[in-house]
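Colleague: This is entry-v9.cif, which holds mmCIF, C-alpha atoms, pLDDT in the B column; chains and numbers go by the auth columns:
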```
data_data
loop_
_atom_site.group_PDB
_atom_site.id
_atom_site.type_symbol
_atom_site.label_atom_id
_atom_site.label_comp_id
_atom_site.label_asym_id
_atom_site.label_seq_id
_atom_site.Cartn_x
_atom_site.Cartn_y
_atom_site.Cartn_z
_atom_site.B_iso_or_equiv
_atom_site.auth_seq_id
_atom_site.auth_asym_id
ATOM 1 C CA MET A 1 103.232 99.492 98.116 84.00 1 A
ATOM 2 C CA LYS A 2 104.125 99.118 94.468 90.00 2 A
ATOM 3 C CA GLU A 3 101.890 96.675 92.643 93.00 3 A
ATOM 4 C CA ARG A 4 103.810 93.777 91.088 95.00 4 A
ATOM 5 C CA SER A 5 102.655 90.558 89.514 95.00 5 A
ATOM 6 C CA PRO A 6 103.122 87.687 91.992 95.00 6 A
ATOM 7 C CA ILE A 7 103.730 85.325 89.048 96.00 7 A
ATOM 8 C CA VAL A 8 106.540 87.552 87.731 96.00 8 A
ATOM 9 C CA VAL A 9 108.076 87.695 91.228 95.00 9 A
ATOM 10 C CA LEU A 10 107.980 83.885 91.369 95.00 10 A
ATOM 11 C CA ILE A 11 109.400 83.320 87.864 96.00 11 A
ATOM 12 C CA LEU A 12 112.157 85.945 88.140 96.00 12 A
ATOM 13 C CA SER A 13 113.216 84.582 91.529 94.00 13 A
ATOM 14 C CA ILE A 14 113.601 81.096 90.060 95.00 14 A
ATOM 15 C CA VAL A 15 115.186 82.104 86.725 96.00 15 A
ATOM 16 C CA THR A 16 117.790 84.363 88.387 96.00 16 A
ATOM 17 C CA LEU A 17 118.580 81.666 90.982 95.00 17 A
ATOM 18 C CA GLY A 18 117.375 83.855 93.849 93.00 18 A
ATOM 19 C CA ILE A 19 119.081 87.125 92.924 95.00 19 A
ATOM 20 C CA TYR A 20 115.780 88.801 92.029 96.00 20 A
ATOM 21 C CA GLY A 21 114.375 87.450 95.304 95.00 21 A
ATOM 22 C CA TRP A 22 117.009 89.362 97.276 93.00 22 A
ATOM 23 C CA TYR A 23 116.343 92.477 95.201 96.00 23 A
ATOM 24 C CA TRP A 24 112.585 92.120 95.780 95.00 24 A
ATOM 25 C CA LEU A 25 113.046 91.699 99.541 95.00 25 A
ATOM 26 C CA VAL A 26 115.188 94.847 99.780 95.00 26 A
ATOM 27 C CA LYS A 27 112.834 96.924 97.600 96.00 27 A
ATOM 28 C CA THR A 28 109.719 95.885 99.514 96.00 28 A
ATOM 29 C CA LYS A 29 111.553 96.476 102.816 95.00 29 A
ATOM 30 C CA GLY A 30 112.136 100.064 101.694 95.00 30 A
ATOM 31 C CA GLU A 31 108.467 100.445 100.790 94.00 31 A
ATOM 32 C CA MET A 32 107.420 99.094 104.199 95.00 32 A
ATOM 33 C CA ASN A 33 109.836 101.441 105.965 95.00 33 A
ATOM 34 C CA LYS A 34 108.192 104.364 104.137 94.00 34 A
ATOM 35 C CA ARG A 35 104.917 103.194 105.696 92.00 35 A
ATOM 36 C CA GLY A 36 106.336 103.404 109.212 91.00 36 A
ATOM 37 C CA GLU A 37 108.133 100.103 109.707 92.00 37 A
ATOM 38 C CA HIS A 38 111.660 99.986 111.127 92.00 38 A
ATOM 39 C CA ILE A 39 113.238 97.023 109.377 94.00 39 A
ATOM 40 C CA MET A 40 117.020 97.127 109.605 92.00 40 A
ATOM 41 C CA THR A 41 119.360 97.172 106.652 92.00 41 A
ATOM 42 C CA ALA A 42 119.774 94.001 104.653 89.00 42 A
ATOM 43 C CA TRP A 43 123.544 94.135 105.229 91.00 43 A
ATOM 44 C CA ILE A 44 122.857 92.106 108.367 91.00 44 A
ATOM 45 C CA TRP A 45 122.558 89.126 105.993 88.00 45 A
ATOM 46 C CA LEU A 46 126.372 89.063 106.031 91.00 46 A
ATOM 47 C CA ILE A 47 126.313 87.682 109.577 91.00 47 A
ATOM 48 C CA PRO A 48 126.172 83.925 108.988 88.00 48 A
ATOM 49 C CA ILE A 49 122.873 82.176 109.766 86.00 49 A
ATOM 50 C CA ILE A 50 121.630 84.449 112.565 91.00 50 A
ATOM 51 C CA GLY A 51 121.727 87.656 110.491 92.00 51 A
ATOM 52 C CA GLY A 52 119.465 86.340 107.754 90.00 52 A
ATOM 53 C CA ILE A 53 117.030 84.720 110.163 93.00 53 A
ATOM 54 C CA TRP A 54 116.778 87.841 112.345 94.00 54 A
ATOM 55 C CA TRP A 55 116.295 90.107 109.332 94.00 55 A
ATOM 56 C CA LEU A 56 113.640 87.803 107.822 94.00 56 A
ATOM 57 C CA TRP A 57 111.798 87.735 111.157 95.00 57 A
ATOM 58 C CA GLN A 58 111.712 91.561 111.300 96.00 58 A
ATOM 59 C CA TYR A 59 110.636 91.670 107.660 96.00 59 A
ATOM 60 C CA SER A 60 107.803 89.212 108.386 96.00 60 A
ATOM 61 C CA GLN A 61 106.591 91.295 111.318 96.00 61 A
ATOM 62 C CA GLY A 62 106.581 94.299 108.969 96.00 62 A
ATOM 63 C CA VAL A 63 104.441 92.338 106.495 96.00 63 A
ATOM 64 C CA GLU A 64 101.876 91.705 109.247 95.00 64 A
ATOM 65 C CA HIS A 65 101.832 95.382 110.269 95.00 65 A
ATOM 66 C CA VAL A 66 101.586 96.781 106.735 94.00 66 A
ATOM 67 C CA THR A 67 98.726 94.403 105.877 94.00 67 A
ATOM 68 C CA ASN A 68 97.009 95.188 109.203 92.00 68 A
ATOM 69 C CA GLY A 69 97.165 91.531 110.231 93.00 69 A
ATOM 70 C CA LYS A 70 95.637 90.173 107.008 93.00 70 A
ATOM 71 C CA PHE A 71 98.899 88.259 106.391 95.00 71 A
ATOM 72 C CA ASN A 72 100.218 86.815 109.648 95.00 72 A
ATOM 73 C CA GLY A 73 103.875 87.573 110.451 95.00 73 A
ATOM 74 C CA ILE A 74 104.637 84.013 111.545 96.00 74 A
ATOM 75 C CA LEU A 75 103.082 82.648 108.370 96.00 75 A
ATOM 76 C CA ALA A 76 105.091 85.139 106.302 96.00 76 A
ATOM 77 C CA PHE A 77 108.296 84.009 108.021 96.00 77 A
ATOM 78 C CA VAL A 78 107.555 80.319 107.447 96.00 78 A
ATOM 79 C CA VAL A 79 106.635 80.638 103.763 95.00 79 A
ATOM 80 C CA LEU A 80 109.545 82.958 103.001 95.00 80 A
ATOM 81 C CA TRP A 81 112.009 80.685 104.823 94.00 81 A
ATOM 82 C CA LEU A 82 110.774 77.306 103.607 95.00 82 A
ATOM 83 C CA ILE A 83 109.392 77.931 100.112 94.00 83 A
ATOM 84 C CA GLY A 84 111.190 81.193 99.229 93.00 84 A
ATOM 85 C CA PRO A 85 109.953 82.207 95.751 94.00 85 A
ATOM 86 C CA ILE A 86 106.429 80.878 96.351 95.00 86 A
ATOM 87 C CA GLY A 87 106.339 82.722 99.680 95.00 87 A
ATOM 88 C CA MET A 88 107.483 85.902 97.941 95.00 88 A
ATOM 89 C CA ALA A 89 104.622 85.568 95.448 95.00 89 A
ATOM 90 C CA LEU A 90 102.121 85.103 98.303 95.00 90 A
ATOM 91 C CA VAL A 91 103.477 88.125 100.193 95.00 91 A
ATOM 92 C CA GLN A 92 103.446 90.229 97.009 95.00 92 A
ATOM 93 C CA ASP A 93 99.804 89.284 96.472 95.00 93 A
ATOM 94 C CA ALA A 94 99.053 90.517 100.017 94.00 94 A
ATOM 95 C CA PHE A 95 100.947 93.751 99.279 94.00 95 A
ATOM 96 C CA ASN A 96 98.872 94.243 96.119 93.00 96 A
ATOM 97 C CA HIS A 97 95.691 94.010 98.187 91.00 97 A
ATOM 98 C CA VAL A 98 96.937 96.580 100.726 86.00 98 A
ATOM 99 C CA ASP A 99 96.354 99.577 98.480 72.00 99 A
ATOM 100 C CA LYS A 100 93.225 98.165 96.816 69.00 100 A
ATOM 101 C CA SER A 101 91.383 97.703 100.103 60.00 101 A
ATOM 102 C CA GLY A 102 92.676 100.897 101.675 55.00 102 A
ATOM 103 C CA MET A 103 94.675 99.025 104.318 53.00 103 A
ATOM 104 C CA THR A 104 97.867 100.732 105.332 50.00 104 A
ATOM 105 C CA GLY A 105 100.234 100.313 108.211 49.00 105 A
ATOM 106 C CA ALA A 106 100.940 104.036 108.186 46.00 106 A
ATOM 107 C CA PRO A 107 99.970 106.972 106.006 45.00 107 A
ATOM 108 C CA THR A 108 101.481 106.873 102.546 44.00 108 A
ATOM 109 C CA GLY A 109 103.046 110.297 103.060 42.00 109 A
ATOM 110 C CA SER A 110 104.960 109.220 106.163 42.00 110 A
ATOM 111 C CA GLY A 111 108.236 108.949 104.261 42.00 111 A
ATOM 112 C CA PRO A 112 110.735 111.724 103.714 43.00 112 A
ATOM 113 C CA VAL A 113 109.305 114.944 102.378 40.00 113 A
ATOM 114 C CA GLY A 114 111.076 117.067 99.839 39.00 114 A
ATOM 115 C CA PRO A 115 112.036 117.321 96.189 41.00 115 A
ATOM 116 C CA SER A 116 113.375 113.752 96.065 40.00 116 A
ATOM 117 C CA SER A 117 110.138 112.093 97.201 41.00 117 A
ATOM 118 C CA GLY A 118 106.982 111.486 95.236 41.00 118 A
ATOM 119 C CA SER A 119 106.567 110.870 91.523 40.00 119 A
ATOM 120 C CA PHE A 120 108.705 112.404 88.828 43.00 120 A
ATOM 121 C CA GLY A 121 108.015 116.093 88.397 44.00 121 A
ATOM 122 C CA GLN A 122 105.967 116.329 91.595 48.00 122 A
ATOM 123 C CA THR A 123 107.339 117.941 94.694 53.00 123 A
ATOM 124 C CA GLN A 124 105.769 118.256 98.076 57.00 124 A
ATOM 125 C CA PRO A 125 105.964 121.450 100.122 63.00 125 A
ATOM 126 C CA PRO A 126 108.648 121.375 102.809 67.00 126 A
ATOM 127 C CA VAL A 127 107.541 120.803 106.366 66.00 127 A
ATOM 128 C CA PRO A 128 108.871 123.344 108.887 68.00 128 A
ATOM 129 C CA PRO A 129 111.247 121.784 111.395 71.00 129 A
ATOM 130 C CA VAL A 130 109.949 121.146 114.877 67.00 130 A
ATOM 131 C CA PRO A 131 112.156 122.710 117.564 68.00 131 A
ATOM 132 C CA PRO A 132 113.529 120.170 120.013 67.00 132 A
ATOM 133 C CA THR A 133 111.940 120.144 123.422 71.00 133 A
ATOM 134 C CA GLN A 134 114.203 120.676 126.387 67.00 134 A
ATOM 135 C CA PRO A 135 113.471 119.480 129.893 65.00 135 A
ATOM 136 C CA PRO A 136 112.806 122.238 132.433 64.00 136 A
ATOM 137 C CA THR A 137 115.980 123.381 134.140 71.00 137 A
ATOM 138 C CA GLN A 138 116.283 123.769 137.901 72.00 138 A
ATOM 139 C CA PRO A 139 118.653 126.205 139.563 70.00 139 A
ATOM 140 C CA PRO A 140 121.797 124.537 140.841 72.00 140 A
ATOM 141 C CA THR A 141 121.772 123.651 144.523 74.00 141 A
ATOM 142 C CA PRO A 142 124.521 125.259 146.601 74.00 142 A
ATOM 143 C CA PRO A 143 127.141 122.889 147.974 77.00 143 A
ATOM 144 C CA VAL A 144 126.618 121.720 151.546 76.00 144 A
ATOM 145 C CA PRO A 145 129.486 122.779 153.842 76.00 145 A
ATOM 146 C CA PRO A 146 131.231 119.946 155.654 77.00 146 A
ATOM 147 C CA ALA A 147 130.209 119.267 159.262 75.00 147 A
ATOM 148 C CA PRO A 148 132.544 120.798 161.849 74.00 148 A
ATOM 149 C CA ALA A 149 135.097 118.434 163.312 71.00 149 A
ATOM 150 C CA PRO A 150 134.679 117.547 167.007 66.00 150 A
ATOM 151 C CA PRO A 151 137.054 119.394 169.325 66.00 151 A
ATOM 152 C CA ALA A 152 140.292 117.591 169.979 65.00 152 A
ATOM 153 C CA SER A 153 140.687 116.462 173.575 61.00 153 A
ATOM 154 C CA SER A 154 143.558 114.879 175.397 61.00 154 A
ATOM 155 C CA THR A 155 141.442 112.552 177.519 61.00 155 A
ATOM 156 C CA PRO A 156 140.447 109.209 176.122 61.00 156 A
ATOM 157 C CA PRO A 157 136.775 108.501 175.725 61.00 157 A
ATOM 158 C CA SER A 158 135.167 106.834 178.678 66.00 158 A
ATOM 159 C CA THR A 159 134.408 103.169 178.372 64.00 159 A
ATOM 160 C CA PRO A 160 131.764 101.418 180.397 64.00 160 A
ATOM 161 C CA ILE A 161 132.849 98.704 182.734 67.00 161 A
ATOM 162 C CA VAL A 162 131.346 95.434 181.709 68.00 162 A
ATOM 163 C CA GLY A 163 130.765 92.669 184.222 65.00 163 A
ATOM 164 C CA ALA A 164 131.111 94.818 187.384 58.00 164 A
ATOM 165 C CA MET A 165 128.564 94.163 190.085 57.00 165 A
#
```
How does the structure come out when it is put into structure tokens?
Modeller:
Amino acid sequence: MKERSPIVVLILSIVTLGIYGWYWLVKTKGEMNKRGEHIMTAWIWLIPIIGGIWWLWQYSQGVEHVTNGKFNGILAFVVLWLIGPIGMALVQDAFNHVDKSGMTGAPTGSGPVGPSSGSFGQTQPPVPPVPPTQPPTQPPTPPVPPAPAPPASSTPPSTPIVGAM
């Protein structure tokens, strides 16, 4: 996770009337996804009320996973929802401690590998593709022939006589 000053996150979120807060949430979501989280795109915010709440809940669960439980997901959700910029500063402080203490939700190199990842001027060797596994195939079973029809007869079937003594 990129180290940022929690005070700067707080001040920029207030001065820009929340615009930096949205930017910060999306950037840190991307950093968490590189560590193995699966937080959906922020475009879900466009769905009124439910979209933002659902996304923030997933984001908060990602915060708990990336910090290995040092910052509770429910607490992250509450502080981000109720006290926005202050909550962002608290979460950023937890993110700053992730790399210092060696806590990680997933290995740092779990993101995409190739010339576009890593620092400027550094490339990582390509990883050979893994062939897809296919389930074992069974030979097709031959079709079952239909059962032969009973012979046609001109006599009606016999019926038992009920009530005869």
Colleague: Please determine, counting only C-alpha atoms, which residue among A:Leu10, A:Leu17, A:Ile74, A:Ala149 has the shortest atom-to-atom distance to Leu56 of chain A.
Modeller: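 Nearest to Leu56 of chain A: A:Ile74.
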Colleague: Excluding segment 63-65 of chain A and residues on its chain fewer than 4 positions from it, collect all residues at most 12 Å away from it, counting all atoms listed in the file, and give them as a VMD selection string.
Modeller: chain A and resid 1 25 28 to 33 35 to 39 56 to 59 69 to 77 80 87 to 88 90 to 96 98 103 to 106
Colleague: If we count all atoms listed in the file, what is near Gly84 of chain A at a cut-off of 9 Å, once residues fewer than 6 positions away on the same chain are taken out, given as a PyMOL selection string?
Modeller: chain A and resi 10+13+18+21
Colleague: Rank A:Val78, A:Met40, A:Ala89, A:Asp99 by their smallest atom-to-atom distance to Val66 of chain A, using only C-alpha atoms, and report the top residue only.
Modeller: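 Of all the options, A:Asp99 lies closest to Val66 of chain A.
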Colleague: Emit as AutoDock Vina command-line options the padded axis-aligned box for all listed atoms of segment 64-70 of chain A, 5 Å per side, with centre and edge lengths in Å to one decimal.
Modeller:
```
--center_x 98.8 --center_y 93.5 --center_z 108.1 --size_x 16.2 --size_y 16.6 --size_z 14.4
```
Colleague: Separation of atom CA of Leu82 of chain A and atom CA of Ile47 of chain A, in Å?
Modeller: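 Rounded to one decimal, the two atoms are 19.6 Å apart.
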Colleague: In Å to one decimal, how far is atom CA of Pro129 of chain A from atom CA of Lys2 of chain A?
Modeller: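 Atom CA of Pro129 of chain A lies 29.2 Å from atom CA of Lys2 of chain A.
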Colleague: In Å, rounded to a single decimal, give me how far atom CA of Trp22 of chain A is from atom CA of Ile50 of chain A.
Modeller: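 The value is 16.7 Å.
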Colleague: Tell me which of A:Ser5, A:Thr41, A:Ser60, A:Gln138 sits closest to Val79 of chain A, counting only C-alpha atoms.
Modeller: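 Closest candidate: A:Ser60.
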